[in-house]
Amino acid sequence: MTALANVGASVRGLMGWRRFLFALCTGGLSALSFAPWGLFPLLLLSFAALVLLIDGSQSHAHPVRSAAFAGWAYGFGQFLVGLYWVGYAFLVDPLEHAWQLPFIAVIFPGGLALFQAAACAIASRFWRGGYARIFLLSAVYAVAEWLRGNILTGFPWNISGYSWGASLAVLQTVAAIGVYGLSLLTILFGASLALLFDGRRAWRVPAVFAVFFVLLWVGGVYRLDTTRIADVPNVHLRLVQPNVPQDQKYIRDFRLAHWRQLVELSLGGGNGPAPTHIIWPEAAPPFLLSRAPGALSDIAAITGSNRVLMTGTVRAEFAANAPPHFFNSFDIFAHSGALIATYDKFHLVPLGEYVPLRAILEPLGLSKLVNIPGSFDPGDGPHTYDIPGAPPVGPLICYEILFPGEVTAKKRPSWLVNVTDDSWFGPASSAGPKQHFLVARVRAIEEGLPIARDANTGITAVIDPLGRVAASIAANEPGVLDAPLPQALTKSWFASFGEWGFVMLLIVCFAAAFAPVSLRRAK
């Protein structure tokens, strides 16, 4: 214990650039806990380091400011490493957007890191010794993550709970308390490790949390082993993965070839029964379907008398003497090509599909990545659609799968379709597509719903309501995935009550942080 106490004293005593560099590197290493690396102990240890850094801030002339700066450096390192793949999107059209990369490399992770800075500043303002500081930092940090996922349209990417992607058993916890609840428990576990560096026998609380997570793992293993999931009768899915490079997608000379590929993959032979429901990825048609009668004739041939086609598409509404309105949409075509439903994406991607704070950013030359006039218009929220031959479906387009508790309409669907184009996130070796895929698996567990995920370049898969990959197709390969549709589970606790589990955990943490008598005398 003496060696650990010496380490703790060294971290608390860091000053100036050494303190900044330590926080930055700690945050960077913590990012390796997320997909595709899955080294979750690094995130746990990083929270312990954050506690020690705030401990050290208390001896500074301006403790709140010092803690905020350490939190910002930690967050900047985490987002710089964990979200490096965002830069690929600015290289799709390098002549237009590559110059923005240096700004994005600083503004994007730096802006997100403000949430960690605020959490550490608030924690420092009310800092107490002993166990109280563990509960305080965990609660305010978890609230900061929730705010990051909800304000200014939200960006809930790499929330702490996703660090358990290496353990599907532990992820089963989100069926009860959601990913934010699992995040709070994760932060508590990690922050409690700081007690080991206090220079005394303070191993009991970390040991309790370690045993608790072992129990979560055992419970998850039991759930995975004992929950039986049948397939929906007479539903045979075909997910088409065209693997069209993003920089070629809308080049006029290639459009017809890309369209013919979609049609041929849809009608070609597969590895299962004839498909009843065919799914294409986000913005699959390389032109506006409403202005392509030949394409609509092809869709009528694909659907025939007994099939349904669901596809992501860009659509436009035109009015006289007014600019067109564009939507990132999802069309459902029934038998003989009859269009029975159109869903419009409601969670748009900042700088991808619209420019936030346009009055400030556009004069600086920052523009959205999707090359249409103006911005996409948002839809009016999630919807559930009845379709022939299958249970009611809820469509989600790309980014929309990120938002816990916001993926289903009031009328609960029996399955979700998530169409996406992860070629924006870089090649198959990039972290972005794998992180996005893990998010879809977590949403399936939270809601107790299967997800058919169709990605232009992969990862295309059918995910069962326990988050298991029932079938998949390799990334960056054109082809089709033929698979049955798993049945939904009964409504999960999270699907029924939303974030109330997270709220109750927060109340417990704040009560422990501000209890009149500390659980253990402060150092």
# chains A, B, ... in the order shown; residues from 1 in each chain; ligands from 1

call {"tool": "residues_around", "arguments": {"residues": "Val439 (chain A)", "least_positions_apart": "4", "cutoff": "7 Å", "atoms": "only C-alpha atoms", "output": "list of chain:residue names"}}
result
A:Leu402, A:Gln435, A:Arg443

call {"tool": "residues_around", "arguments": {"residues": "Leu265 (chain A)", "least_positions_apart": "6", "cutoff": "12 Å", "atoms": "only C-alpha atoms", "output": "PyMOL selection string"}}
result
chain A and resi 238-243+258-259+275+278-280+302+478-482

call {"tool": "residues_around", "arguments": {"residues": "region 428-430 of chain A", "least_positions_apart": "6", "cutoff": "8 Å", "atoms": "only C-alpha atoms", "output": "JSON, numbers by chain"}}
result
{"A": [85, 458, 475, 476]}

call {"tool": "closest_atom_pairs", "arguments": {"of": "region 121-198 of chain A", "to": "region 41-55 of chain A", "cutoff": "10 Å", "atoms": "only C-alpha atoms", "output": "tab-separated table"}}
result
residue	atom	partner	partner_atom	distance
A:Ala121	CA	A:Ile54	CA	8.8
A:Ala123	CA	A:Ile54	CA	8.2
A:Ser124	CA	A:Ile54	CA	6.4
A:Trp127	CA	A:Asp55	CA	8.2
A:Arg128	CA	A:Asp55	CA	9.1
A:Gly129	CA	A:Asp55	CA	8.4
A:Arg133	CA	A:Val51	CA	7.8
A:Ile134	CA	A:Val51	CA	7.4
A:Leu137	CA	A:Val51	CA	7.5
A:Ser138	CA	A:Phe47	CA	8.8
A:Tyr141	CA	A:Phe47	CA	9.9
A:Ser160	CA	A:Leu43	CA	8.0
A:Ser163	CA	A:Leu43	CA	7.5
A:Trp164	CA	A:Pro41	CA	9.7
A:Thr186	CA	A:Leu44	CA	7.2
A:Ile187	CA	A:Phe47	CA	6.6
A:Leu188	CA	A:Phe47	CA	8.5
A:Phe189	CA	A:Leu44	CA	6.8
A:Gly190	CA	A:Leu44	CA	3.8
A:Ala191	CA	A:Ala48	CA	4.4
A:Ser192	CA	A:Ala48	CA	6.7
A:Leu193	CA	A:Ala48	CA	5.4
A:Ala194	CA	A:Ala48	CA	4.4
A:Leu195	CA	A:Ala48	CA	8.1
A:Leu196	CA	A:Ala48	CA	9.1
A:Phe197	CA	A:Leu52	CA	8.3
A:Asp198	CA	A:Leu52	CA	9.2

call {"tool": "closest_residue", "arguments": {"among": "A:Ala316, A:Ala67, A:Val81, A:Met15", "to": "Ser30 (chain A)", "atoms": "only C-alpha atoms"}}
result
A:Val81

call {"tool": "residues_around", "arguments": {"residues": "region 338-341 of chain A", "least_positions_apart": "2", "cutoff": "12 Å", "atoms": "only C-alpha atoms", "output": "compact mmCIF listing (two decimals) with N, CA and C atoms, in the first residue's frame"}}
result
# COMPACT_ATOMS: atom_id res chain seq x y z
N LEU A 289 -35.62 9.55 -56.29
CA LEU A 289 -36.52 8.54 -56.85
C LEU A 289 -37.76 9.18 -57.49
N SER A 290 -38.23 10.26 -56.92
CA SER A 290 -39.44 10.89 -57.46
C SER A 290 -39.24 11.42 -58.87
N LEU A 296 -38.34 3.67 -60.46
CA LEU A 296 -39.58 3.23 -59.82
C LEU A 296 -40.12 1.97 -60.49
N SER A 297 -39.90 1.85 -61.78
CA SER A 297 -40.30 0.61 -62.48
C SER A 297 -39.47 -0.57 -61.99
N ASP A 298 -38.18 -0.34 -61.76
CA ASP A 298 -37.32 -1.40 -61.22
C ASP A 298 -37.79 -1.82 -59.82
N ILE A 299 -38.19 -0.84 -59.01
CA ILE A 299 -38.68 -1.16 -57.67
C ILE A 299 -39.96 -1.98 -57.75
N ALA A 300 -40.82 -1.67 -58.70
CA ALA A 300 -42.03 -2.47 -58.88
C ALA A 300 -41.68 -3.91 -59.24
N ALA A 301 -40.62 -4.08 -60.04
CA ALA A 301 -40.19 -5.44 -60.39
C ALA A 301 -39.59 -6.16 -59.20
N ILE A 302 -38.84 -5.43 -58.38
CA ILE A 302 -38.22 -6.05 -57.20
C ILE A 302 -39.27 -6.50 -56.21
N THR A 303 -40.26 -5.67 -55.95
CA THR A 303 -41.28 -6.02 -54.96
C THR A 303 -42.27 -7.05 -55.49
N GLY A 304 -42.55 -7.00 -56.80
CA GLY A 304 -43.44 -7.99 -57.39
C GLY A 304 -44.78 -8.05 -56.66
N SER A 305 -45.26 -9.27 -56.44
CA SER A 305 -46.57 -9.44 -55.80
C SER A 305 -46.47 -9.86 -54.34
N ASN A 306 -45.23 -10.06 -53.84
CA ASN A 306 -45.14 -10.61 -52.48
C ASN A 306 -43.92 -10.13 -51.69
N ARG A 307 -43.30 -9.03 -52.11
CA ARG A 307 -42.13 -8.54 -51.39
C ARG A 307 -42.29 -7.08 -51.00
N VAL A 308 -41.51 -6.68 -50.00
CA VAL A 308 -41.47 -5.29 -49.52
C VAL A 308 -40.03 -4.80 -49.64
N LEU A 309 -39.86 -3.58 -50.12
CA LEU A 309 -38.53 -2.96 -50.19
C LEU A 309 -38.51 -1.74 -49.26
N MET A 310 -37.50 -1.69 -48.39
CA MET A 310 -37.29 -0.54 -47.50
C MET A 310 -35.92 0.04 -47.80
N THR A 311 -35.88 1.33 -48.05
CA THR A 311 -34.61 1.94 -48.44
C THR A 311 -34.44 3.34 -47.89
N GLY A 312 -33.21 3.65 -47.52
CA GLY A 312 -32.86 5.04 -47.26
C GLY A 312 -32.78 5.78 -48.57
N SER A 329 -34.32 10.50 -45.89
CA SER A 329 -35.58 9.79 -45.68
C SER A 329 -35.42 8.28 -45.78
N PHE A 330 -36.54 7.61 -45.51
CA PHE A 330 -36.62 6.15 -45.55
C PHE A 330 -37.96 5.81 -46.16
N ASP A 331 -37.95 5.19 -47.34
CA ASP A 331 -39.18 4.84 -48.05
C ASP A 331 -39.50 3.36 -47.87
N ILE A 332 -40.78 3.07 -47.75
CA ILE A 332 -41.24 1.68 -47.68
C ILE A 332 -42.15 1.44 -48.88
N PHE A 333 -41.72 0.52 -49.74
CA PHE A 333 -42.48 0.16 -50.93
C PHE A 333 -43.11 -1.22 -50.73
N ALA A 334 -44.40 -1.30 -50.90
CA ALA A 334 -45.10 -2.58 -50.78
C ALA A 334 -45.16 -3.24 -52.15
N HIS A 335 -46.03 -4.22 -52.27
CA HIS A 335 -46.14 -5.02 -53.49
C HIS A 335 -46.40 -4.13 -54.71
N SER A 336 -45.78 -4.50 -55.80
CA SER A 336 -45.88 -3.79 -57.08
C SER A 336 -45.34 -2.37 -57.00
N TYR A 343 -40.49 8.07 -44.08
CA TYR A 343 -40.04 8.55 -42.77
C TYR A 343 -38.88 9.52 -43.01
N ASP A 344 -38.88 10.63 -42.30
CA ASP A 344 -37.82 11.63 -42.42
C ASP A 344 -36.97 11.66 -41.16
N HIS A 383 -41.26 7.00 -35.67
CA HIS A 383 -42.57 6.50 -36.08
C HIS A 383 -42.54 4.99 -36.14
N THR A 384 -43.70 4.40 -36.05
CA THR A 384 -43.87 2.97 -36.23
C THR A 384 -44.81 2.75 -37.42
N TYR A 385 -44.42 1.84 -38.32
CA TYR A 385 -45.20 1.62 -39.53
C TYR A 385 -45.63 0.16 -39.63
N ASP A 386 -46.87 -0.03 -40.02
CA ASP A 386 -47.36 -1.37 -40.34
C ASP A 386 -46.95 -1.69 -41.78
N ILE A 387 -46.41 -2.89 -41.97
CA ILE A 387 -45.98 -3.30 -43.30
C ILE A 387 -46.52 -4.69 -43.60
N PRO A 388 -46.74 -5.00 -44.87
CA PRO A 388 -47.28 -6.32 -45.22
C PRO A 388 -46.31 -7.44 -44.85
N VAL A 393 -42.71 -1.96 -37.81
CA VAL A 393 -41.28 -1.64 -37.83
C VAL A 393 -41.05 -0.17 -37.48
N GLY A 394 -39.93 0.09 -36.83
CA GLY A 394 -39.51 1.46 -36.55
C GLY A 394 -38.21 1.75 -37.26
N PRO A 395 -38.18 2.66 -38.23
CA PRO A 395 -36.94 2.98 -38.95
C PRO A 395 -36.11 4.02 -38.20

call {"tool": "residues_around", "arguments": {"residues": "Tyr180 (chain A)", "least_positions_apart": "6", "cutoff": "8 Å", "atoms": "only C-alpha atoms", "output": "ChimeraX atom specification"}}
result
/A:142,145-146,159-161,499,502

call {"tool": "select_by_dssp", "arguments": {"residues": "region 263-316 of chain A", "states": "helix (DSSP H, G or I)", "output": "PyMOL selection string"}}
result
chain A and resi 263-267+289-291+293-303

call {"tool": "atom_distance", "arguments": {"atom1": "CA of Phe79 (chain A)", "atom2": "CA of Gly8 (chain A)"}}
result
25.1 Å

call {"tool": "atom_distance", "arguments": {"atom1": "CA of Val314 (chain A)", "atom2": "CA of Ala257 (chain A)"}}
result
18.2 Å

call {"tool": "select_by_dssp", "arguments": {"residues": "region 225-452 of chain A", "states": "strand (DSSP E)", "output": "number ranges by chain"}}
result
A: 231-241, 277-280, 308-319, 322-333, 339-344, 385-387, 390-397, 415-420, 451-452

call {"tool": "atom_distance", "arguments": {"atom1": "CA of Tyr88 (chain A)", "atom2": "CA of Ser375 (chain A)"}}
result
20.8 Å

call {"tool": "residues_around", "arguments": {"residues": "Arg65 (chain A)", "least_positions_apart": "3", "cutoff": "10 Å", "atoms": "only C-alpha atoms", "output": "number ranges by chain"}}
result
A: 57, 60-62, 68-71, 117-118, 120-122, 124-125

call {"tool": "write_last_selection", "arguments": {"atoms": "N, CA and C atoms", "output": "CSV table (one decimal), in the first residue's frame"}}
result
chain,number,residue,atom,x,y,z
A,57,SER,N,-5.8,19.6,-6.9
A,57,SER,CA,-6.3,21.0,-7.1
A,57,SER,C,-6.6,21.7,-5.9
A,60,HIS,N,-4.2,24.3,-4.7
A,60,HIS,CA,-3.8,25.4,-5.6
A,60,HIS,C,-4.5,26.7,-5.2
A,61,ALA,N,-4.0,27.8,-5.7
A,61,ALA,CA,-4.6,29.1,-5.4
A,61,ALA,C,-6.0,29.2,-5.9
A,62,HIS,N,-6.3,28.6,-7.0
A,62,HIS,CA,-7.6,28.6,-7.6
A,62,HIS,C,-8.0,27.2,-7.9
A,68,ALA,N,-11.0,22.3,-13.3
A,68,ALA,CA,-11.6,22.5,-14.6
A,68,ALA,C,-10.6,22.3,-15.8
A,69,PHE,N,-9.4,22.8,-15.6
A,69,PHE,CA,-8.4,22.7,-16.6
A,69,PHE,C,-7.9,21.2,-16.8
A,70,ALA,N,-7.8,20.5,-15.6
A,70,ALA,CA,-7.4,19.1,-15.6
A,70,ALA,C,-8.5,18.3,-16.3
A,71,GLY,N,-9.8,18.6,-16.0
A,71,GLY,CA,-10.9,17.9,-16.6
A,71,GLY,C,-10.9,18.1,-18.1
A,117,ALA,N,-14.7,19.4,-18.2
A,117,ALA,CA,-14.2,20.5,-17.4
A,117,ALA,C,-15.2,21.0,-16.4
A,118,ALA,N,-16.5,21.1,-16.9
A,118,ALA,CA,-17.5,21.6,-16.0
A,118,ALA,C,-17.8,20.6,-14.8
A,120,CYS,N,-15.6,18.5,-13.5
A,120,CYS,CA,-14.5,18.6,-12.5
A,120,CYS,C,-14.6,19.9,-11.7
A,121,ALA,N,-14.9,21.0,-12.4
A,121,ALA,CA,-15.0,22.3,-11.7
A,121,ALA,C,-16.1,22.2,-10.6
A,122,ILE,N,-17.3,21.7,-10.9
A,122,ILE,CA,-18.4,21.6,-9.9
A,122,ILE,C,-18.0,20.7,-8.8
A,124,SER,N,-15.0,20.0,-7.7
A,124,SER,CA,-14.0,20.7,-6.9
A,124,SER,C,-14.6,21.7,-6.0
A,125,ARG,N,-15.6,22.4,-6.5
A,125,ARG,CA,-16.3,23.4,-5.6
A,125,ARG,C,-16.8,22.8,-4.4

call {"tool": "closest_residue", "arguments": {"among": "A:Thr226, A:Phe115, A:Gln246, A:Ala409", "to": "Pro427 (chain A)", "atoms": "only C-alpha atoms"}}
result
A:Gln246
